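*Asks:* Input file: work15.csv. Contents: CSV, C-alpha atoms and all ligand atoms.
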chain,number,residue,atom,x,y,z
P,1,MET,CA,2.8,-28.4,53.8
P,2,SER,CA,4.1,-32.0,54.2
P,3,ASN,CA,2.5,-33.4,57.3
P,4,PHE,CA,4.5,-36.4,58.4
P,5,TRP,CA,1.9,-37.1,61.2
P,6,GLN,CA,-0.6,-38.3,58.6
P,7,LYS,CA,1.8,-40.8,57.1
P,8,LEU,CA,2.4,-42.7,60.3
P,9,ASN,CA,0.8,-46.1,61.0
P,10,LYS,CA,-1.7,-46.0,63.9
P,11,PRO,CA,-1.6,-46.4,66.8
P,12,ILE,CA,1.2,-43.9,67.0
P,13,ILE,CA,3.6,-44.4,69.9
P,14,THR,CA,5.8,-41.4,70.8
P,15,ALA,CA,8.1,-40.3,73.5
P,16,THR,CA,7.0,-37.0,75.2
P,17,PRO,CA,9.3,-34.0,75.8
P,18,MET,CA,11.0,-34.2,79.2
P,19,ALA,CA,13.3,-31.6,80.5
P,20,GLY,CA,16.6,-33.1,81.7
P,21,ILE,CA,15.8,-36.4,80.0
P,22,THR,CA,14.9,-36.3,76.3
P,23,ASP,CA,18.3,-35.2,75.0
P,24,THR,CA,19.7,-36.6,71.7
P,25,ALA,CA,21.1,-39.8,73.3
P,26,TRP,CA,17.7,-40.6,74.8
P,27,ARG,CA,15.9,-39.8,71.5
P,28,GLN,CA,18.2,-41.9,69.4
P,29,LEU,CA,17.6,-44.9,71.7
P,30,CYS,CA,13.8,-44.3,71.7
P,31,LYS,CA,13.9,-44.3,67.9
P,32,LYS,CA,16.0,-47.4,67.7
P,33,TRP,CA,13.4,-49.2,69.8
P,34,GLY,CA,10.5,-48.1,67.6
P,35,ALA,CA,9.3,-44.7,68.8
P,36,ASP,CA,7.3,-43.2,65.9
P,37,VAL,CA,8.1,-39.6,66.9
P,38,VAL,CA,10.4,-38.0,69.5
P,39,TYR,CA,10.5,-34.6,71.0
P,40,THR,CA,13.3,-32.4,72.4
P,41,GLU,CA,13.2,-31.1,75.9
P,42,PHE,CA,11.3,-27.9,76.0
P,43,VAL,CA,13.3,-24.8,75.1
P,44,SER,CA,12.4,-21.2,75.8
P,45,VAL,CA,11.2,-19.0,73.0
P,46,ASP,CA,12.9,-16.0,74.8
P,47,ALA,CA,16.3,-17.9,74.6
P,48,LEU,CA,15.8,-18.7,70.9
P,49,PHE,CA,14.7,-15.2,70.2
P,50,TYR,CA,17.9,-13.9,71.7
P,51,ASP,CA,20.1,-16.5,70.0
P,52,SER,CA,21.2,-18.2,73.2
P,53,LYS,CA,24.1,-20.6,72.3
P,54,LYS,CA,23.3,-22.9,75.2
P,55,THR,CA,19.7,-23.3,73.9
P,56,LEU,CA,20.9,-24.0,70.4
P,57,GLN,CA,23.2,-26.7,71.7
P,58,MET,CA,20.2,-28.3,73.4
P,59,LEU,CA,18.6,-28.5,70.0
P,60,ALA,CA,21.4,-30.7,68.4
P,61,TYR,CA,20.0,-33.8,66.9
P,62,LYS,CA,21.0,-36.7,64.6
P,63,ALA,CA,19.2,-37.6,61.4
P,64,SER,CA,18.3,-41.0,62.8
P,65,GLU,CA,15.9,-39.2,65.3
P,66,GLN,CA,13.6,-38.0,62.5
P,67,PRO,CA,10.7,-37.2,62.8
P,68,VAL,CA,12.0,-35.2,65.7
P,69,ILE,CA,9.9,-32.2,67.0
P,70,ALA,CA,11.3,-29.3,69.0
P,71,GLN,CA,9.1,-28.2,71.9
P,72,ILE,CA,9.1,-24.5,72.9
P,73,PHE,CA,7.6,-22.6,75.7
P,74,GLY,CA,7.1,-18.9,76.6
P,75,LYS,CA,4.5,-16.3,77.3
P,76,ARG,CA,5.4,-13.7,74.7
P,77,SER,CA,3.5,-14.4,71.5
P,78,GLU,CA,5.6,-11.9,69.6
P,79,LEU,CA,8.7,-14.0,70.1
P,80,TYR,CA,7.2,-17.2,68.6
P,81,PRO,CA,7.7,-16.4,64.8
P,82,LYS,CA,11.4,-16.0,65.1
P,83,ALA,CA,11.8,-19.0,67.4
P,84,ALA,CA,9.6,-21.2,65.2
P,85,LYS,CA,11.4,-20.2,62.0
P,86,LEU,CA,14.7,-21.1,63.6
P,87,ILE,CA,13.4,-24.5,64.5
P,88,GLU,CA,12.2,-25.0,60.9
P,89,GLN,CA,15.6,-23.9,59.6
P,90,LEU,CA,17.3,-26.4,61.9
P,91,GLY,CA,15.4,-29.1,60.0
P,92,PHE,CA,13.0,-30.2,62.7
P,93,ALA,CA,10.0,-32.2,61.5
P,94,GLY,CA,7.6,-30.1,63.6
P,95,VAL,CA,7.3,-27.5,66.3
P,96,ASP,CA,5.3,-28.2,69.5
P,97,ILE,CA,4.1,-25.6,71.9
P,98,ASN,CA,4.0,-26.3,75.6
P,99,PHE,CA,0.7,-25.4,77.3
P,100,GLY,CA,1.0,-27.9,80.1
P,101,CYS,CA,4.1,-27.3,82.2
P,102,PRO,CA,3.2,-27.0,85.9
P,103,ALA,CA,6.7,-26.2,87.2
P,104,LYS,CA,7.0,-23.2,89.4
P,105,LYS,CA,9.6,-21.4,87.2
P,106,VAL,CA,7.3,-21.6,84.2
P,107,ALA,CA,3.6,-21.8,85.5
P,108,GLY,CA,4.4,-19.6,88.5
P,109,HIS,CA,5.0,-16.7,86.0
P,110,GLY,CA,1.9,-17.4,84.0
P,111,GLY,CA,3.5,-19.7,81.4
P,112,GLY,CA,3.0,-23.4,80.6
P,113,ILE,CA,-0.4,-24.6,81.8
P,114,CYS,CA,-1.3,-21.2,83.4
P,115,LEU,CA,-1.4,-19.7,79.9
P,116,LEU,CA,-4.8,-21.3,79.6
P,117,ARG,CA,-6.1,-18.5,82.0
P,118,ASP,CA,-5.3,-16.1,79.1
P,119,MET,CA,-6.8,-17.7,76.0
P,120,GLU,CA,-6.2,-14.6,73.9
P,121,THR,CA,-2.5,-15.0,74.3
P,122,VAL,CA,-2.8,-18.8,73.6
P,123,LYS,CA,-4.5,-18.0,70.3
P,124,LYS,CA,-1.9,-15.4,69.4
P,125,ILE,CA,0.9,-17.8,70.2
P,126,VAL,CA,-0.6,-20.5,68.0
P,127,ALA,CA,-1.5,-18.1,65.2
P,128,ASN,CA,1.9,-16.6,65.1
P,129,THR,CA,3.6,-19.9,65.1
P,130,ILE,CA,1.4,-21.4,62.4
P,131,GLU,CA,1.9,-18.4,60.2
P,132,ALA,CA,5.7,-18.4,60.6
P,133,VAL,CA,6.4,-22.0,59.4
P,134,THR,CA,5.4,-24.6,57.0
P,135,ILE,CA,6.3,-27.6,59.3
P,136,PRO,CA,3.4,-29.1,61.3
P,137,VAL,CA,2.6,-27.3,64.5
P,138,SER,CA,1.3,-29.2,67.6
P,139,ILE,CA,0.5,-28.5,71.2
P,140,LYS,CA,0.8,-30.4,74.5
P,141,SER,CA,-1.4,-29.6,77.5
P,142,ARG,CA,-3.2,-31.1,80.5
P,143,ILE,CA,-6.9,-31.7,81.1
P,144,SER,CA,-7.6,-28.8,83.4
P,145,LEU,CA,-6.6,-26.2,86.0
P,146,ASN,CA,-8.5,-24.1,88.5
P,147,ALA,CA,-9.8,-20.9,86.8
P,148,ILE,CA,-8.6,-18.8,89.8
P,149,ILE,CA,-5.5,-19.8,91.7
P,150,GLY,CA,-6.4,-21.5,95.0
P,151,ALA,CA,-10.2,-21.2,94.4
P,152,PRO,CA,-11.4,-24.6,93.1
P,153,GLU,CA,-15.0,-23.5,93.8
P,154,LYS,CA,-14.7,-20.9,91.1
P,155,GLY,CA,-14.6,-23.6,88.4
P,156,LYS,CA,-12.0,-24.9,86.0
P,157,ILE,CA,-10.5,-24.1,82.6
P,158,THR,CA,-10.3,-27.4,80.7
P,159,ALA,CA,-8.5,-28.6,77.6
P,160,LEU,CA,-12.0,-28.6,76.0
P,161,ASP,CA,-11.9,-24.8,76.4
P,162,LEU,CA,-8.4,-24.8,74.9
P,163,LEU,CA,-9.4,-26.9,71.9
P,164,ASP,CA,-12.5,-24.7,71.4
P,165,ALA,CA,-10.3,-21.6,71.4
P,166,LEU,CA,-8.0,-23.2,68.9
P,167,LYS,CA,-10.6,-24.8,66.6
P,168,GLU,CA,-9.8,-22.5,63.7
P,169,TYR,CA,-6.2,-23.2,63.7
P,170,PRO,CA,-4.8,-26.2,61.7
P,171,LEU,CA,-3.0,-28.0,64.5
P,172,SER,CA,-1.4,-31.2,63.3
P,173,ALA,CA,-1.3,-33.0,66.6
P,174,VAL,CA,-2.2,-32.6,70.3
P,175,ILE,CA,-0.9,-34.5,73.3
P,176,ILE,CA,-3.0,-34.3,76.4
P,177,HIS,CA,-1.7,-35.4,79.7
P,178,GLY,CA,-4.7,-36.7,81.6
P,179,ARG,CA,-3.9,-35.0,84.9
P,180,THR,CA,-4.6,-31.5,86.1
P,181,TYR,CA,-2.3,-28.6,87.2
P,182,GLU,CA,-3.4,-29.3,90.7
P,183,THR,CA,-2.4,-33.0,90.6
P,184,PRO,CA,0.6,-32.7,88.3
P,185,PHE,CA,2.2,-36.1,88.3
P,186,THR,CA,0.4,-38.5,90.5
P,187,GLY,CA,-3.0,-40.1,90.7
P,188,PRO,CA,-5.2,-41.6,88.1
P,189,VAL,CA,-5.7,-40.0,84.7
P,190,ASP,CA,-9.1,-38.9,83.6
P,191,LEU,CA,-9.8,-41.3,80.6
P,192,GLU,CA,-13.4,-40.0,80.3
P,193,MET,CA,-12.1,-36.5,79.7
P,194,LEU,CA,-9.4,-37.8,77.3
P,195,LYS,CA,-12.2,-39.5,75.4
P,196,LYS,CA,-14.3,-36.3,75.2
P,197,LEU,CA,-11.2,-34.4,74.0
P,198,ARG,CA,-10.6,-36.9,71.3
P,199,GLU,CA,-14.2,-36.4,70.1
P,200,LYS,CA,-13.6,-32.7,70.0
P,201,PHE,CA,-10.3,-32.7,68.2
P,202,THR,CA,-10.8,-34.2,64.8
P,203,GLN,CA,-8.6,-32.0,62.6
P,204,GLY,CA,-5.3,-33.8,63.6
P,205,ILE,CA,-3.6,-36.5,65.6
P,206,PHE,CA,-4.7,-36.9,69.2
P,207,LEU,CA,-2.4,-38.6,71.6
P,208,ILE,CA,-3.1,-39.5,75.2
P,209,ASN,CA,-0.5,-39.2,77.9
P,210,GLY,CA,0.0,-40.1,81.6
P,211,SER,CA,-2.2,-43.2,81.5
P,212,PHE,CA,0.5,-45.8,81.0
P,213,GLN,CA,0.2,-48.7,83.6
P,214,SER,CA,1.1,-51.7,81.6
P,215,ILE,CA,1.6,-52.9,78.0
P,216,GLU,CA,-1.9,-54.4,78.1
P,217,SER,CA,-3.5,-51.2,79.5
P,218,VAL,CA,-2.3,-49.2,76.5
P,219,VAL,CA,-4.5,-51.3,74.2
P,220,ALA,CA,-7.5,-50.8,76.5
P,221,ASP,CA,-6.9,-47.1,76.9
P,222,LEU,CA,-6.6,-46.5,73.2
P,223,ALA,CA,-9.7,-48.5,72.5
P,224,TYR,CA,-11.7,-46.6,75.1
P,225,THR,CA,-10.5,-43.1,74.2
P,226,LYS,CA,-10.3,-43.7,70.4
P,227,ALA,CA,-7.1,-41.8,70.5
P,228,ASP,CA,-4.6,-42.1,67.6
P,229,GLY,CA,-1.9,-43.1,69.9
P,230,ILE,CA,-0.1,-42.7,73.2
P,231,ALA,CA,2.9,-40.5,74.3
P,232,LEU,CA,5.1,-42.2,76.8
P,233,ALA,CA,7.2,-40.4,79.5
P,234,ARG,CA,8.3,-41.8,82.8
P,235,SER,CA,7.5,-45.4,81.9
P,236,LEU,CA,10.4,-45.2,79.5
P,237,TYR,CA,12.9,-44.7,82.3
P,238,GLY,CA,15.4,-47.5,82.0
P,239,GLN,CA,13.3,-49.3,79.4
P,240,PRO,CA,13.3,-47.7,76.0
P,241,TRP,CA,12.4,-51.1,74.5
P,242,LEU,CA,8.8,-50.5,75.7
P,243,PHE,CA,8.0,-49.1,72.2
P,244,LYS,CA,8.9,-52.5,70.7
P,245,GLN,CA,7.0,-54.4,73.3
P,246,ILE,CA,3.8,-52.3,73.0
P,247,LYS,CA,3.9,-52.6,69.2
P,248,ASP,CA,4.6,-56.3,69.3
P,249,TYR,CA,1.7,-56.8,71.7
P,250,ILE,CA,-0.7,-54.7,69.5
P,251,GLN,CA,0.3,-56.6,66.3
P,252,THR,CA,0.5,-60.1,67.7
P,253,GLY,CA,-1.0,-60.2,71.1
P,254,HIS,CA,2.5,-61.2,72.5
P,255,TYR,CA,5.7,-59.5,73.5
P,256,THR,CA,9.0,-60.8,74.8
P,257,GLU,CA,10.6,-59.9,78.1
P,258,ILE,CA,13.9,-58.1,77.7
P,259,THR,CA,16.9,-60.1,78.8
P,260,TRP,CA,19.7,-59.0,81.1
P,261,PRO,CA,22.3,-59.0,78.3
P,262,GLU,CA,20.0,-56.8,76.2
P,263,ILE,CA,19.5,-54.4,79.2
P,264,LYS,CA,23.3,-54.2,79.7
P,265,ALA,CA,23.9,-53.6,76.0
P,266,THR,CA,21.3,-50.8,75.9
P,267,ALA,CA,22.6,-49.1,79.0
P,268,ILE,CA,26.2,-49.2,77.6
P,269,GLU,CA,24.9,-47.9,74.2
P,270,HIS,CA,23.1,-45.1,76.1
P,271,ALA,CA,26.3,-44.2,78.0
P,272,HIS,CA,28.3,-44.0,74.8
P,273,LEU,CA,25.6,-41.8,73.0
P,274,LEU,CA,25.4,-39.5,76.0
P,275,TYR,CA,29.2,-39.2,76.3
P,276,GLU,CA,29.5,-38.5,72.6
P,277,SER,CA,26.9,-35.7,72.8
P,278,LYS,CA,27.7,-34.1,76.1
P,279,GLY,CA,31.3,-35.0,76.9
P,280,PRO,CA,32.8,-35.8,80.3
P,281,LYS,CA,31.0,-33.0,82.2
P,282,GLY,CA,27.5,-33.9,80.9
P,283,PHE,CA,28.2,-37.6,81.4
P,284,GLN,CA,27.2,-37.3,85.1
P,285,GLU,CA,23.6,-37.2,83.9
P,286,MET,CA,24.1,-40.9,82.9
P,287,ARG,CA,24.1,-42.0,86.5
P,288,LYS,CA,20.4,-41.5,87.0
P,289,HIS,CA,19.6,-43.5,83.8
P,290,LEU,CA,21.9,-46.3,84.9
P,291,LEU,CA,20.0,-46.7,88.2
P,292,PHE,CA,16.8,-47.2,86.3
P,293,TYR,CA,18.4,-49.8,84.0
P,294,VAL,CA,19.4,-52.0,87.0
P,295,LYS,CA,16.1,-51.7,88.9
P,296,GLY,CA,14.9,-55.1,89.9
P,297,HIS,CA,18.3,-56.9,89.3
P,298,PRO,CA,19.2,-59.2,92.2
P,299,GLN,CA,22.5,-57.4,92.6
P,300,ALA,CA,21.0,-53.9,92.2
P,301,ALA,CA,22.4,-52.6,95.5
P,302,GLU,CA,26.0,-53.4,94.5
P,303,LEU,CA,25.5,-52.2,91.0
P,304,ARG,CA,24.0,-48.9,92.2
P,305,TYR,CA,27.0,-48.3,94.5
P,306,ASN,CA,29.4,-48.5,91.5
P,307,LEU,CA,27.2,-46.9,88.9
P,308,VAL,CA,26.6,-43.6,90.8
P,309,ARG,CA,30.4,-43.1,90.6
P,310,VAL,CA,31.0,-43.6,86.8
P,311,THR,CA,32.7,-40.9,84.8
P,312,THR,CA,33.1,-42.6,81.4
P,313,PRO,CA,31.2,-45.2,79.3
P,314,ILE,CA,34.3,-47.5,79.6
P,315,GLU,CA,33.7,-47.7,83.4
P,316,VAL,CA,30.1,-48.6,82.7
P,317,GLU,CA,31.2,-51.4,80.4
P,318,LYS,CA,33.6,-52.7,83.1
P,319,ILE,CA,30.9,-52.7,85.8
P,320,PHE,CA,28.5,-54.6,83.6
P,321,ALA,CA,31.1,-57.0,82.4
P,322,GLU,CA,31.4,-58.4,85.9
P,323,ILE,CA,27.7,-59.1,86.4
I,401,LIG,C1,11.4,-34.9,84.5
I,401,LIG,C2,10.2,-34.5,83.7
I,401,LIG,C3,10.4,-33.4,82.8
I,401,LIG,C4,9.3,-33.0,82.0
I,401,LIG,N1,9.5,-32.1,81.0
I,401,LIG,C5,8.5,-31.8,80.2
I,401,LIG,C6,8.7,-30.8,79.1
I,401,LIG,O1,9.8,-30.3,78.9
I,401,LIG,N2,7.7,-30.6,78.3
I,401,LIG,C7,6.5,-31.1,78.4
I,401,LIG,O2,5.5,-30.9,77.7
I,401,LIG,N3,6.2,-32.0,79.4
I,401,LIG,C8,7.2,-32.4,80.3
I,401,LIG,N4,7.0,-33.3,81.2
I,401,LIG,C9,5.7,-34.0,81.3
I,401,LIG,C10,5.8,-35.3,80.6
I,401,LIG,O3,6.0,-35.1,79.2
I,401,LIG,C11,4.5,-36.1,80.7
I,401,LIG,O4,3.4,-35.3,80.3
I,401,LIG,C12,4.2,-36.5,82.2
I,401,LIG,O5,5.4,-37.0,82.8
I,401,LIG,C13,3.0,-37.5,82.3
I,401,LIG,O6,3.3,-38.7,81.6
I,401,LIG,P1,3.8,-40.0,82.4
I,401,LIG,O7,2.8,-40.3,83.5
I,401,LIG,O8,3.7,-41.1,81.3
I,401,LIG,O9,5.1,-39.8,82.9
I,401,LIG,C14,8.1,-33.7,82.1
I,401,LIG,C15,7.9,-34.7,83.0
I,401,LIG,C16,9.0,-35.1,83.8
I,401,LIG,C17,8.8,-36.2,84.8
Using structure tokens, write down the structure that the file contains.

*Replies:*
Amino acid sequence: MSNFWQKLNKPIITATPMAGITDTAWRQLCKKWGADVVYTEFVSVDALFYDSKKTLQMLAYKASEQPVIAQIFGKRSELYPKAAKLIEQLGFAGVDINFGCPAKKVAGHGGGICLLRDMETVKKIVANTIEAVTIPVSIKSRISLNAIIGAPEKGKITALDLLDALKEYPLSAVIIHGRTYETPFTGPVDLEMLKKLREKFTQGIFLINGSFQSIESVVADLAYTKADGIALARSLYGQPWLFKQIKDYIQTGHYTEITWPEIKATAIEHAHLLYESKGPKGFQEMRKHLLFYVKGHPQAAELRYNLVRVTTPIEVEKIFAEI
């Protein structure tokens, strides 16, 4: 098995999977700005098992994104072999299993992070996936969740339990988001726990997630946890150049601020990539990205007014040409 993870220079800086965000346009931009690895949005194993056309469309990617990993989620371990094989046939560099999603439509039905309450199924999912493919298999999860819903006094299931349960399986990489199911997206991350998890997971690449505060804090967090790298998510909104800035800072102790012409050029490039991949209907999604690109600009209010109405990349170009 060729394991691309082991050939990457450390620290490894990746983009995480993000539903509704990490489409092919986003991933191409992240790679261009220096992401070592990118992930698709999560796709359902059930949908892959039943050959959903829409899901297959979500998995379209360009060669320039490699190494690109497809992330899958689902509760039914018996569906994973077919889904994972399909991902391998499509040419993905790896397959990642979601054991961290807190969203109601996934975790509410016992999937995502709530699968940790059923470690036997977790083990079957990982075993079935690893057995089905020769590409690297990885997982993404969170630091913990209450063992019993709504009863914190009954204790927690942690990612230490997860890694213990999976210690026999040759996972190539793990991303751990340093927050819990109960505090899904806000509040500080538990660096101490991330450090313990790193000590426990020695058979593959260990990436921290959720801790990003500043370019400087990445260096401190990696040194503290001894992780192999960091996976970035919301901090990339409107600033895919973060990869380059972090890498420059790690290598030289300096990084350069992005200029307004570079921001405009990136936003326009993003708009074209998104239009090419999703067409006029899908282009509406660009509006949210554009608002992030203009955040902090002195004329942001005027820009926002116009950008939330765009329907083509040419309109985006025209708006930016005037500022
Ligand atoms: C809009 C959105 C969609 C997400 N979708 C996924 C997903 O499909 N799979 C996944 O493993 N995590 C998903 N996440 C979680 C992120 O990958 C990441 O773990 C989380 O945002 C914490 O990192 P951050 O604090 O750097 O944003 C999503 C997060 C957001 C905000």

*Asks:* Could you list, as a ChimeraX atom specification, all the residues within 9 Å of ligand LIG 401 (chain I), counting all atoms listed in the file?

*Replies:* /P:15-22,39-43,71-73,96-103,112,139-142,175-179,184-186,189,209-213,231-236

*Asks:* Go ahead and save the residues from that selection, with C-alpha atoms, as an mmCIF file, in the coordinates of the input.

*Replies:*
data_model
loop_
_atom_site.group_PDB
_atom_site.id
_atom_site.type_symbol
_atom_site.label_atom_id
_atom_site.label_comp_id
_atom_site.auth_asym_id
_atom_site.auth_seq_id
_atom_site.Cartn_x
_atom_site.Cartn_y
_atom_site.Cartn_z
ATOM 1 C CA ALA P 15 8.100 -40.300 73.500
ATOM 2 C CA THR P 16 7.000 -37.000 75.200
ATOM 3 C CA PRO P 17 9.300 -34.000 75.800
ATOM 4 C CA MET P 18 11.000 -34.200 79.200
ATOM 5 C CA ALA P 19 13.300 -31.600 80.500
ATOM 6 C CA GLY P 20 16.600 -33.100 81.700
ATOM 7 C CA ILE P 21 15.800 -36.400 80.000
ATOM 8 C CA THR P 22 14.900 -36.300 76.300
ATOM 9 C CA TYR P 39 10.500 -34.600 71.000
ATOM 10 C CA THR P 40 13.300 -32.400 72.400
ATOM 11 C CA GLU P 41 13.200 -31.100 75.900
ATOM 12 C CA PHE P 42 11.300 -27.900 76.000
ATOM 13 C CA VAL P 43 13.300 -24.800 75.100
ATOM 14 C CA GLN P 71 9.100 -28.200 71.900
ATOM 15 C CA ILE P 72 9.100 -24.500 72.900
ATOM 16 C CA PHE P 73 7.600 -22.600 75.700
ATOM 17 C CA ASP P 96 5.300 -28.200 69.500
ATOM 18 C CA ILE P 97 4.100 -25.600 71.900
ATOM 19 C CA ASN P 98 4.000 -26.300 75.600
ATOM 20 C CA PHE P 99 0.700 -25.400 77.300
ATOM 21 C CA GLY P 100 1.000 -27.900 80.100
ATOM 22 C CA CYS P 101 4.100 -27.300 82.200
ATOM 23 C CA PRO P 102 3.200 -27.000 85.900
ATOM 24 C CA ALA P 103 6.700 -26.200 87.200
ATOM 25 C CA GLY P 112 3.000 -23.400 80.600
ATOM 26 C CA ILE P 139 0.500 -28.500 71.200
ATOM 27 C CA LYS P 140 0.800 -30.400 74.500
ATOM 28 C CA SER P 141 -1.400 -29.600 77.500
ATOM 29 C CA ARG P 142 -3.200 -31.100 80.500
ATOM 30 C CA ILE P 175 -0.900 -34.500 73.300
ATOM 31 C CA ILE P 176 -3.000 -34.300 76.400
ATOM 32 C CA HIS P 177 -1.700 -35.400 79.700
ATOM 33 C CA GLY P 178 -4.700 -36.700 81.600
ATOM 34 C CA ARG P 179 -3.900 -35.000 84.900
ATOM 35 C CA PRO P 184 0.600 -32.700 88.300
ATOM 36 C CA PHE P 185 2.200 -36.100 88.300
ATOM 37 C CA THR P 186 0.400 -38.500 90.500
ATOM 38 C CA VAL P 189 -5.700 -40.000 84.700
ATOM 39 C CA ASN P 209 -0.500 -39.200 77.900
ATOM 40 C CA GLY P 210 0.000 -40.100 81.600
ATOM 41 C CA SER P 211 -2.200 -43.200 81.500
ATOM 42 C CA PHE P 212 0.500 -45.800 81.000
ATOM 43 C CA GLN P 213 0.200 -48.700 83.600
ATOM 44 C CA ALA P 231 2.900 -40.500 74.300
ATOM 45 C CA LEU P 232 5.100 -42.200 76.800
ATOM 46 C CA ALA P 233 7.200 -40.400 79.500
ATOM 47 C CA ARG P 234 8.300 -41.800 82.800
ATOM 48 C CA SER P 235 7.500 -45.400 81.900
ATOM 49 C CA LEU P 236 10.400 -45.200 79.500
#

*Asks:* I'd like to know which of P:Cys114, P:Cys30, P:Met58, P:Leu291 is closest to Lys278 of chain P, using all atoms listed in the file.

*Replies:*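 Of all the options, P:Met58 lies closest to Lys278 of chain P.
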
*Asks:* Mind giving me the straight-line distance from atom CA of Lys54 of chain P to atom CA of Leu171 of chain P in Å, one decimal?

*Replies:*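 Result for atom CA of Lys54 of chain P versus atom CA of Leu171 of chain P: 28.8 Å, one decimal.
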
*Asks:* Would you pick out the contacts of His109 of chain P at 10 Å or less, using only C-alpha atoms, so that residues sharing its chain but fewer than 6 positions from it are not included, and give the list as a list of chain:residue names?

*Replies:* P:Gly74, P:Lys75, P:Ala103, P:Leu115

*Asks:* Which neighbours of segment 300-306 of chain P fall inside 8 Å, counting all atoms listed in the file, when residues of the same chain fewer than 4 positions from it are skipped, and could you give them as a PDB file with C-alpha atoms, in the coordinates of the input?

*Replies:*
ATOM      1  CA  LEU P 291      20.000 -46.700  88.200  1.00  0.00           C
ATOM      2  CA  VAL P 294      19.400 -52.000  87.000  1.00  0.00           C
ATOM      3  CA  LYS P 295      16.100 -51.700  88.900  1.00  0.00           C
ATOM      4  CA  GLY P 296      14.900 -55.100  89.900  1.00  0.00           C
ATOM      5  CA  VAL P 310      31.000 -43.600  86.800  1.00  0.00           C
ATOM      6  CA  ILE P 319      30.900 -52.700  85.800  1.00  0.00           C
TER       7      ILE P 319
END

*Asks:* So which one's closest to Glu269 of chain P, P:Val106, P:Ile250, P:Leu160, P:Val316? Using only C-alpha atoms, please.

*Replies:*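 Among the listed residues, the smallest separation from Glu269 of chain P belongs to P:Val316.
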
*Asks:* Please measure the separation of atom CA of Phe292 of chain P and atom CA of Tyr237 of chain P, giving the value in Å to one decimal.

*Replies:*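 That distance, rounded to one decimal, is 6.1 Å.
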
*Asks:* Of the candidates P:Ile268, P:Val45, P:Ile143, P:Leu116, which one gets nearest to Ala25 of chain P if we count all atoms listed in the file?

*Replies:* P:Ile268

*Asks:* One number please: atom CA of Ile246 of chain P to atom CA of Ile208 of chain P, in Å, one decimal.

*Replies:* 14.7 Å

*Asks:* Which residue gives the smallest distance to Leu197 of chain P among P:Val133, P:Leu163, P:Leu59, P:Val218, with all atoms listed in the file counted?

*Replies:*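 Result for the nearest residue to Leu197 of chain P: P:Leu163.
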
*Asks:* At a cut-off of 12 Å around the point (-6.1, -45.0, 72.0) (file coordinates), what residues fall inside when counting all atoms listed in the file? I'd like the answer as an MDAnalysis selection string.

*Replies:* chainID P and resid 10:13 175:176 191 194:195 197:199 205:209 211:212 216:231 250

*Asks:* Which of these residues is nearest to Thr312 of chain P, using only C-alpha atoms: P:Lys7, P:Lys167, P:Arg287, P:Lys264?

*Replies:*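 Going through P:Lys7, P:Lys167, P:Arg287, P:Lys264 one by one, the smallest distance to Thr312 of chain P is for P:Arg287.
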
*Asks:* Mind checking which residues fall within 7 Å of segment 64-69 of chain P, counting only C-alpha atoms, ignoring those fewer than 6 positions away in the same chain, and posting them as a tab-separated table (two decimals) with C-alpha atoms, in the frame of the given file?

*Replies:*
chain	number	residue	atom	x	y	z
P	27	ARG	CA	15.90	-39.80	71.50
P	28	GLN	CA	18.20	-41.90	69.40
P	31	LYS	CA	13.90	-44.30	67.90
P	37	VAL	CA	8.10	-39.60	66.90
P	38	VAL	CA	10.40	-38.00	69.50
P	39	TYR	CA	10.50	-34.60	71.00
P	40	THR	CA	13.30	-32.40	72.40
P	92	PHE	CA	13.00	-30.20	62.70
P	93	ALA	CA	10.00	-32.20	61.50
P	94	GLY	CA	7.60	-30.10	63.60
P	95	VAL	CA	7.30	-27.50	66.30
P	96	ASP	CA	5.30	-28.20	69.50

*Asks:* Could you tell me which of P:Lys288, P:Glu262, P:Ala84, P:Tyr293 comes closest to Val308 of chain P if we count all atoms listed in the file?

*Replies:*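 Nearest to Val308 of chain P: P:Lys288.
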
*Asks:* Can you take the partial segment 266-272 of chain P, add N, CA and C atoms, and return it as a short mmCIF file (atom, residue, chain, number, x, y, z; two decimals), in the coordinates of the input?

*Replies:*
data_model
loop_
_atom_site.label_atom_id
_atom_site.label_comp_id
_atom_site.auth_asym_id
_atom_site.auth_seq_id
_atom_site.Cartn_x
_atom_site.Cartn_y
_atom_site.Cartn_z
N THR P 266 21.97 -52.11 76.11
CA THR P 266 21.30 -50.80 75.90
C THR P 266 21.84 -49.75 76.81
N ALA P 267 22.09 -50.12 78.08
CA ALA P 267 22.60 -49.10 79.00
C ALA P 267 24.02 -48.66 78.55
N ILE P 268 24.82 -49.59 78.04
CA ILE P 268 26.20 -49.20 77.60
C ILE P 268 26.06 -48.33 76.31
N GLU P 269 25.14 -48.69 75.44
CA GLU P 269 24.90 -47.90 74.20
C GLU P 269 24.48 -46.46 74.62
N HIS P 270 23.56 -46.39 75.58
CA HIS P 270 23.10 -45.10 76.10
C HIS P 270 24.25 -44.27 76.60
N ALA P 271 25.11 -44.94 77.39
CA ALA P 271 26.30 -44.20 78.00
C ALA P 271 27.17 -43.67 76.88
N HIS P 272 27.42 -44.46 75.85
CA HIS P 272 28.30 -44.00 74.80
C HIS P 272 27.63 -42.80 74.04
#
